[in-house]
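Visitor: Provided herewith: run.cif, mmCIF, C-alpha atoms.
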data_data
#
loop_
_atom_site.label_atom_id
_atom_site.label_comp_id
_atom_site.auth_asym_id
_atom_site.auth_seq_id
_atom_site.Cartn_x
_atom_site.Cartn_y
_atom_site.Cartn_z
CA MET A 1 84.69 78.36 93.18
CA GLU A 2 82.56 75.34 94.02
CA SER A 3 83.97 75.40 97.53
CA LEU A 4 82.73 78.98 97.92
CA GLU A 5 79.28 77.96 96.70
CA LYS A 6 79.21 75.20 99.31
CA LYS A 7 80.00 77.74 102.03
CA LEU A 8 77.21 79.96 100.74
CA ARG A 9 74.86 76.99 100.32
CA TYR A 10 74.00 78.43 96.95
CA SER A 11 74.81 77.20 93.43
CA PHE A 12 74.92 79.76 90.64
CA ARG A 13 72.96 79.20 87.46
CA ASN A 14 74.98 81.91 85.72
CA ARG A 15 78.54 81.39 86.88
CA GLU A 16 79.68 84.52 85.04
CA LEU A 17 77.94 86.55 87.76
CA LEU A 18 79.96 84.80 90.42
CA SER A 19 83.14 85.39 88.45
CA GLU A 20 82.37 89.08 88.02
CA ALA A 21 81.65 89.47 91.74
CA LEU A 22 85.20 88.32 92.44
CA ASN A 23 86.89 90.60 89.88
CA HIS A 24 88.56 93.53 91.62
CA SER A 25 88.95 96.67 89.51
CA SER A 26 92.73 96.25 89.56
CA TYR A 27 92.34 92.88 87.83
CA ALA A 28 89.81 94.19 85.31
CA ASN A 29 92.11 97.10 84.44
CA GLU A 30 94.93 94.70 83.65
CA HIS A 31 92.70 92.51 81.48
CA ARG A 32 91.08 94.81 78.96
CA GLY A 33 88.57 93.62 76.43
CA GLY A 34 85.19 93.67 78.12
CA LEU A 35 86.16 92.12 81.44
CA GLY A 36 84.14 93.91 84.11
CA SER A 37 85.04 94.58 87.73
CA ASN A 38 82.76 93.99 90.69
CA GLU A 39 82.13 97.71 91.29
CA ARG A 40 78.69 97.81 89.64
CA LEU A 41 77.65 94.69 91.54
CA GLU A 42 78.94 96.27 94.73
CA PHE A 43 76.68 99.27 94.09
CA LEU A 44 73.63 97.04 93.74
CA GLY A 45 74.64 94.77 96.59
CA ASP A 46 74.79 97.68 99.00
CA SER A 47 71.10 98.40 98.35
CA VAL A 48 70.09 94.73 98.41
CA LEU A 49 71.81 94.24 101.74
CA GLY A 50 70.33 97.43 103.15
CA PHE A 51 66.82 96.33 102.21
CA VAL A 52 67.16 92.77 103.54
CA ALA A 53 68.71 94.00 106.79
CA ALA A 54 65.99 96.65 107.25
CA GLU A 55 63.27 94.08 106.58
CA PHE A 56 64.83 91.66 109.07
CA LEU A 57 65.11 94.27 111.82
CA PHE A 58 61.58 95.58 111.17
CA LYS A 59 60.11 92.10 111.55
CA THR A 60 62.33 91.01 114.44
CA TYR A 61 62.33 94.02 116.77
CA HIS A 62 58.67 95.02 116.85
CA ASP A 63 58.89 97.61 119.61
CA LEU A 64 62.02 99.50 118.62
CA PRO A 65 61.68 103.04 117.25
CA GLU A 66 63.06 104.11 113.89
CA GLY A 67 66.20 105.60 115.37
CA ASP A 68 67.24 102.36 117.07
CA LEU A 69 66.46 100.34 113.95
CA THR A 70 68.58 102.71 111.87
CA ARG A 71 71.54 102.37 114.22
CA MET A 72 71.22 98.59 114.34
CA ARG A 73 71.13 98.40 110.55
CA ALA A 74 74.23 100.61 110.33
CA SER A 75 76.01 98.27 112.74
CA LEU A 76 75.00 95.17 110.79
CA VAL A 77 75.96 96.42 107.33
CA CYS A 78 79.10 98.37 108.24
CA GLU A 79 82.46 97.55 106.71
CA GLN A 80 83.64 95.69 109.81
CA SER A 81 80.62 93.34 109.76
CA LEU A 82 81.07 92.61 106.06
CA TYR A 83 84.79 92.04 106.61
CA GLU A 84 83.94 89.42 109.24
CA VAL A 85 81.62 87.71 106.76
CA ALA A 86 84.41 87.71 104.17
CA LYS A 87 86.88 86.20 106.63
CA ALA A 88 84.41 83.49 107.63
CA LEU A 89 83.95 82.60 103.95
CA ASP A 90 87.72 82.85 103.31
CA LEU A 91 86.68 85.12 100.44
CA GLY A 92 90.16 86.55 99.95
CA ARG A 93 91.44 83.34 98.39
CA TYR A 94 88.84 83.57 95.61
CA LEU A 95 89.41 87.20 94.61
CA LYS A 96 91.03 88.08 91.31
CA LEU A 97 93.41 90.98 91.89
CA GLY A 98 95.83 92.98 89.80
CA ARG A 99 99.53 92.53 90.40
CA GLY A 100 99.81 95.69 92.48
CA GLU A 101 96.97 94.78 94.81
CA GLU A 102 98.23 91.21 95.04
CA THR A 103 101.68 92.24 96.19
CA GLY A 104 100.24 94.96 98.41
CA GLY A 105 98.21 92.56 100.52
CA GLY A 106 94.86 93.18 98.84
CA ARG A 107 93.54 89.74 99.77
CA GLU A 108 93.53 90.82 103.40
CA ARG A 109 92.46 94.44 102.94
CA GLN A 110 89.25 95.12 104.83
CA SER A 111 87.69 97.49 102.29
CA ILE A 112 88.32 95.14 99.35
CA LEU A 113 86.85 92.17 101.17
CA ALA A 114 83.81 94.09 102.41
CA ASP A 115 83.10 95.40 98.90
CA ALA A 116 83.40 91.88 97.50
CA VAL A 117 80.77 90.63 99.94
CA GLU A 118 78.33 93.27 98.68
CA ALA A 119 79.13 92.32 95.08
CA LEU A 120 78.53 88.68 95.94
CA PHE A 121 75.11 89.49 97.41
CA ALA A 122 74.20 91.37 94.22
CA ALA A 123 75.32 88.44 92.06
CA ILE A 124 73.12 86.05 94.05
CA TYR A 125 70.19 88.46 93.79
CA LEU A 126 70.54 88.74 90.01
CA ASP A 127 71.02 85.00 89.64
CA GLY A 128 68.33 83.70 91.96
CA GLY A 129 66.14 86.56 93.14
CA ILE A 130 65.31 88.14 96.47
CA GLU A 131 64.38 84.93 98.29
CA GLU A 132 67.70 83.30 97.52
CA VAL A 133 69.80 86.29 98.53
CA ARG A 134 67.70 86.79 101.65
CA SER A 135 68.48 83.21 102.65
CA VAL A 136 72.21 83.67 102.09
CA ILE A 137 72.35 86.99 103.94
CA TRP A 138 70.49 85.42 106.85
CA GLN A 139 72.92 82.52 106.97
CA VAL A 140 76.18 84.49 106.80
CA LEU A 141 75.20 87.72 108.56
CA LEU A 142 71.75 88.22 110.05
CA SER A 143 71.69 84.99 112.06
CA LYS A 144 74.49 86.59 114.07
CA ALA A 145 72.55 89.82 114.61
CA PRO A 146 72.03 89.47 118.41
CA ALA A 147 75.75 88.97 118.91
CA ALA A 148 76.47 91.92 116.64
CA GLU A 149 74.13 94.10 118.65
CA GLU A 150 75.80 93.11 121.93
CA ARG A 151 79.19 94.21 120.69
CA ARG A 152 78.01 97.37 118.95
CA ASP A 153 80.66 99.99 118.56
CA TYR A 154 78.89 103.34 118.60
CA LYS A 155 82.10 105.25 117.88
CA THR A 156 82.70 103.29 114.69
CA THR A 157 79.07 103.62 113.63
CA LEU A 158 79.16 107.38 114.22
CA GLN A 159 82.41 107.68 112.27
CA GLU A 160 80.88 105.82 109.33
CA VAL A 161 77.79 108.02 109.40
CA VAL A 162 79.67 111.32 109.36
CA GLN A 163 82.18 110.15 106.76
CA ARG A 164 79.41 109.93 104.17
CA LYS A 165 80.23 113.59 103.67
CA SER A 166 83.90 114.44 103.05
CA GLY A 167 85.89 116.71 105.29
CA GLN A 168 84.16 115.76 108.55
CA VAL A 169 86.29 115.60 111.71
CA LEU A 170 85.15 113.89 114.92
CA THR A 171 86.92 114.53 118.21
CA TYR A 172 86.29 113.41 121.79
CA HIS A 173 86.98 115.61 124.81
CA MET A 174 86.82 114.84 128.52
CA LEU A 175 84.68 117.45 130.25
CA SER A 176 85.06 116.21 133.81
CA GLN A 177 85.83 113.31 136.09
CA SER A 178 84.51 112.70 139.57
CA GLY A 179 84.67 110.19 142.39
CA PRO A 180 87.52 108.33 144.13
CA ASP A 181 90.24 106.62 142.13
CA HIS A 182 88.60 103.19 142.46
CA ASP A 183 85.18 104.43 141.35
CA LYS A 184 85.54 107.32 138.93
CA THR A 185 82.90 108.64 136.55
CA PHE A 186 83.98 110.37 133.35
CA LEU A 187 81.97 112.83 131.26
CA PHE A 188 82.93 113.11 127.58
CA ASP A 189 81.84 115.36 124.77
CA VAL A 190 81.96 114.37 121.07
CA ARG A 191 82.36 117.17 118.56
CA LEU A 192 81.85 117.32 114.81
CA ASN A 193 84.05 119.95 113.20
CA GLY A 194 84.42 121.55 116.63
CA ALA A 195 80.68 121.67 117.47
CA SER A 196 79.29 119.48 120.25
CA ILE A 197 76.90 116.79 118.98
CA GLY A 198 76.67 114.48 122.02
CA GLN A 199 77.72 113.79 125.59
CA GLY A 200 78.01 110.66 127.70
CA GLU A 201 79.14 109.32 131.05
CA GLY A 202 80.98 106.13 131.90
CA ARG A 203 83.09 104.35 134.49
CA SER A 204 86.02 104.49 132.07
CA LYS A 205 87.09 106.94 129.39
CA LYS A 206 86.32 104.38 126.70
CA GLU A 207 82.83 103.77 128.08
CA ALA A 208 82.16 107.50 128.27
CA GLU A 209 83.27 107.99 124.67
CA GLN A 210 80.94 105.21 123.55
CA ALA A 211 78.08 106.81 125.51
CA ALA A 212 78.80 110.18 123.88
CA ALA A 213 78.80 108.59 120.42
CA ARG A 214 75.50 106.85 121.18
CA ASP A 215 73.98 110.14 122.33
CA ALA A 216 75.14 111.79 119.10
CA LEU A 217 73.59 109.03 116.98
CA GLU A 218 70.31 109.34 118.87
CA ARG A 219 70.22 113.10 118.32
CA MET A 220 71.01 112.70 114.63
CA SER A 221 68.15 110.24 114.14
CA ARG A 222 65.49 112.59 115.55
#
Can you dump the structure from the file as structure tokens?

Guide:
Amino acid sequence: MESLEKKLRYSFRNRELLSEALNHSSYANEHRGGLGSNERLEFLGDSVLGFVAAEFLFKTYHDLPEGDLTRMRASLVCEQSLYEVAKALDLGRYLKLGRGEETGGGRERQSILADAVEALFAAIYLDGGIEEVRSVIWQVLLSKAPAAEERRDYKTTLQEVVQRKSGQVLTYHMLSQSGPDHDKTFLFDVRLNGASIGQGEGRSKKEAEQAAARDALERMSR
């Protein structure tokens, strides 16, 4: 695990915290007797990351309104972003998994890796405090924030927002298309459980869907 610490540029005082952050529940379930999984750390890490990301955006983007800051934070802390952090750290090789998860490809599973990143942030916070975890989060995630913003996927962000409540169904519908074949404009509608929540135009269907998702996010933040 020293190689992981080098990648993080952080050395743990309490190495049991690091070990726990890497214990998947499947591993803990197979090794009874007080061995904890990283689920509790994941819970704390989600809040730690949310705070540090919000603080960073608040201080960096002085003129942006609350709605834009909220969407940017959602993009930064989403599962895909955390998965990219995990891949950059090669975190999968350090995880302790149960036999079923091991054989089922758990070391590459996006949700497992993203959760482990949050658990790791919590472990650093508990071990070294807010300044230390802020430094690590900046290094592995927030320093890439401009690039993350440029490639923002509004559809994914919207999906993650609505899925906080179970049973939600998002669908996209083309309302119209206009213009010659070489220069068409598409108008799309995004619906939540059949009700329209946003519309957007674009030069391609994909672009129009992204515009509709962005419109929906803007309306939801008002």

Visitor: Enter the distance from atom CA of Ala116 of chain A to atom CA of Lys155 of chain A, in Å, rounded to one decimal.

Guide: 24.4 Å

Visitor: Carefully work through the PyMOL selection byres ((chain A and resi 201-217) around 9) for this structure and note down the residues it includes, as a PyMOL selection string.

Guide: chain A and resi 67+71+153-159+161+172-174+183-190+196-200+218-222

Visitor: Those same residues, written as an mmCIF file, in the frame of the given file with C-alpha atoms?

Guide:
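Result file follows (selection-v7.cif):
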data_model
loop_
_atom_site.group_PDB
_atom_site.id
_atom_site.type_symbol
_atom_site.label_atom_id
_atom_site.label_comp_id
_atom_site.auth_asym_id
_atom_site.auth_seq_id
_atom_site.Cartn_x
_atom_site.Cartn_y
_atom_site.Cartn_z
ATOM 1 C CA GLY A 67 66.200 105.600 115.370
ATOM 2 C CA ARG A 71 71.540 102.370 114.220
ATOM 3 C CA ASP A 153 80.660 99.990 118.560
ATOM 4 C CA TYR A 154 78.890 103.340 118.600
ATOM 5 C CA LYS A 155 82.100 105.250 117.880
ATOM 6 C CA THR A 156 82.700 103.290 114.690
ATOM 7 C CA THR A 157 79.070 103.620 113.630
ATOM 8 C CA LEU A 158 79.160 107.380 114.220
ATOM 9 C CA GLN A 159 82.410 107.680 112.270
ATOM 10 C CA VAL A 161 77.790 108.020 109.400
ATOM 11 C CA TYR A 172 86.290 113.410 121.790
ATOM 12 C CA HIS A 173 86.980 115.610 124.810
ATOM 13 C CA MET A 174 86.820 114.840 128.520
ATOM 14 C CA ASP A 183 85.180 104.430 141.350
ATOM 15 C CA LYS A 184 85.540 107.320 138.930
ATOM 16 C CA THR A 185 82.900 108.640 136.550
ATOM 17 C CA PHE A 186 83.980 110.370 133.350
ATOM 18 C CA LEU A 187 81.970 112.830 131.260
ATOM 19 C CA PHE A 188 82.930 113.110 127.580
ATOM 20 C CA ASP A 189 81.840 115.360 124.770
ATOM 21 C CA VAL A 190 81.960 114.370 121.070
ATOM 22 C CA SER A 196 79.290 119.480 120.250
ATOM 23 C CA ILE A 197 76.900 116.790 118.980
ATOM 24 C CA GLY A 198 76.670 114.480 122.020
ATOM 25 C CA GLN A 199 77.720 113.790 125.590
ATOM 26 C CA GLY A 200 78.010 110.660 127.700
ATOM 27 C CA GLU A 218 70.310 109.340 118.870
ATOM 28 C CA ARG A 219 70.220 113.100 118.320
ATOM 29 C CA MET A 220 71.010 112.700 114.630
ATOM 30 C CA SER A 221 68.150 110.240 114.140
ATOM 31 C CA ARG A 222 65.490 112.590 115.550
#

Visitor: How many Å separate atom CA of Glu84 of chain A from atom CA of Ser47 of chain A?

Guide: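 Computed distance, atom CA of Glu84 of chain A to atom CA of Ser47 of chain A, equals 19.1 Å.
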
Visitor: So which residues get picked by the PyMOL selection byres ((chain A and resi 37) around 9) here, written as a list in words?

Guide: Glu20, Ala21, Leu22, Asn23, His24, Ser25, Ser26, Tyr27, Ala28, Asn29, Leu35, Gly36, Asn38, Glu39, Arg40 and Leu41 of chain A

Visitor: Contacts of Trp138 of chain A at 12 Å or less, counting only C-alpha atoms, minus same-chain residues fewer than 5 places along, as a PyMOL selection string?

Guide: chain A and resi 8-9+49+52-53+55-57+76+85+121+130-133+143-145

Visitor: Which distance in Å separates atom CA of Phe58 of chain A and atom CA of Val136 of chain A, to one decimal?

Guide: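 Spanning atom CA of Phe58 of chain A to atom CA of Val136 of chain A is a straight-line distance of 18.4 Å.
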
Visitor: Starting from the incomplete input, reconstruct N, CA, C and O atoms of segment 173-191 of chain A and write that as a compact mmCIF listing (two decimals), in the coordinates of the input.

Guide:
# COMPACT_ATOMS: atom_id res chain seq x y z
N HIS A 173 86.35 114.78 123.80
CA HIS A 173 86.98 115.61 124.81
C HIS A 173 86.41 115.26 126.19
O HIS A 173 85.18 115.16 126.36
N MET A 174 87.28 115.09 127.15
CA MET A 174 86.82 114.84 128.52
C MET A 174 86.43 116.16 129.16
O MET A 174 87.22 117.10 129.24
N LEU A 175 85.18 116.23 129.62
CA LEU A 175 84.68 117.45 130.25
C LEU A 175 84.94 117.45 131.75
O LEU A 175 85.23 118.51 132.33
N SER A 176 84.85 116.28 132.36
CA SER A 176 85.06 116.21 133.81
C SER A 176 85.26 114.76 134.25
O SER A 176 84.95 113.83 133.49
N GLN A 177 85.76 114.61 135.45
CA GLN A 177 85.83 113.31 136.09
C GLN A 177 85.56 113.51 137.58
O GLN A 177 85.94 114.53 138.16
N SER A 178 84.88 112.56 138.16
CA SER A 178 84.51 112.70 139.57
C SER A 178 84.60 111.35 140.27
O SER A 178 84.64 110.30 139.61
N GLY A 179 84.62 111.41 141.61
CA GLY A 179 84.67 110.19 142.39
C GLY A 179 86.07 109.77 142.76
O GLY A 179 87.06 110.27 142.19
N PRO A 180 86.20 108.83 143.70
CA PRO A 180 87.52 108.33 144.13
C PRO A 180 88.18 107.53 143.02
O PRO A 180 87.54 107.13 142.05
N ASP A 181 89.47 107.29 143.18
CA ASP A 181 90.24 106.62 142.13
C ASP A 181 89.66 105.25 141.77
O ASP A 181 89.73 104.84 140.60
N HIS A 182 89.09 104.55 142.73
CA HIS A 182 88.60 103.19 142.46
C HIS A 182 87.18 103.19 141.89
O HIS A 182 86.66 102.14 141.50
N ASP A 183 86.56 104.37 141.83
CA ASP A 183 85.18 104.43 141.35
C ASP A 183 84.91 105.77 140.65
O ASP A 183 84.01 106.51 141.02
N LYS A 184 85.67 106.05 139.62
CA LYS A 184 85.54 107.32 138.93
C LYS A 184 84.42 107.28 137.90
O LYS A 184 84.07 106.23 137.36
N THR A 185 83.87 108.46 137.63
CA THR A 185 82.90 108.64 136.55
C THR A 185 83.43 109.73 135.63
O THR A 185 83.83 110.80 136.08
N PHE A 186 83.45 109.43 134.33
CA PHE A 186 83.98 110.37 133.35
C PHE A 186 82.83 110.91 132.49
O PHE A 186 81.90 110.18 132.15
N LEU A 187 82.93 112.18 132.16
CA LEU A 187 81.97 112.83 131.26
C LEU A 187 82.71 113.28 130.01
O LEU A 187 83.68 114.04 130.11
N PHE A 188 82.27 112.78 128.85
CA PHE A 188 82.93 113.11 127.58
C PHE A 188 81.96 113.81 126.63
O PHE A 188 80.74 113.61 126.69
N ASP A 189 82.56 114.62 125.79
CA ASP A 189 81.84 115.36 124.77
C ASP A 189 82.39 114.93 123.41
O ASP A 189 83.61 114.80 123.25
N VAL A 190 81.51 114.66 122.44
CA VAL A 190 81.96 114.37 121.07
C VAL A 190 81.59 115.55 120.20
O VAL A 190 80.48 116.08 120.27
N ARG A 191 82.55 115.98 119.38
CA ARG A 191 82.36 117.17 118.56
C ARG A 191 82.58 116.85 117.09
O ARG A 191 83.50 116.10 116.73
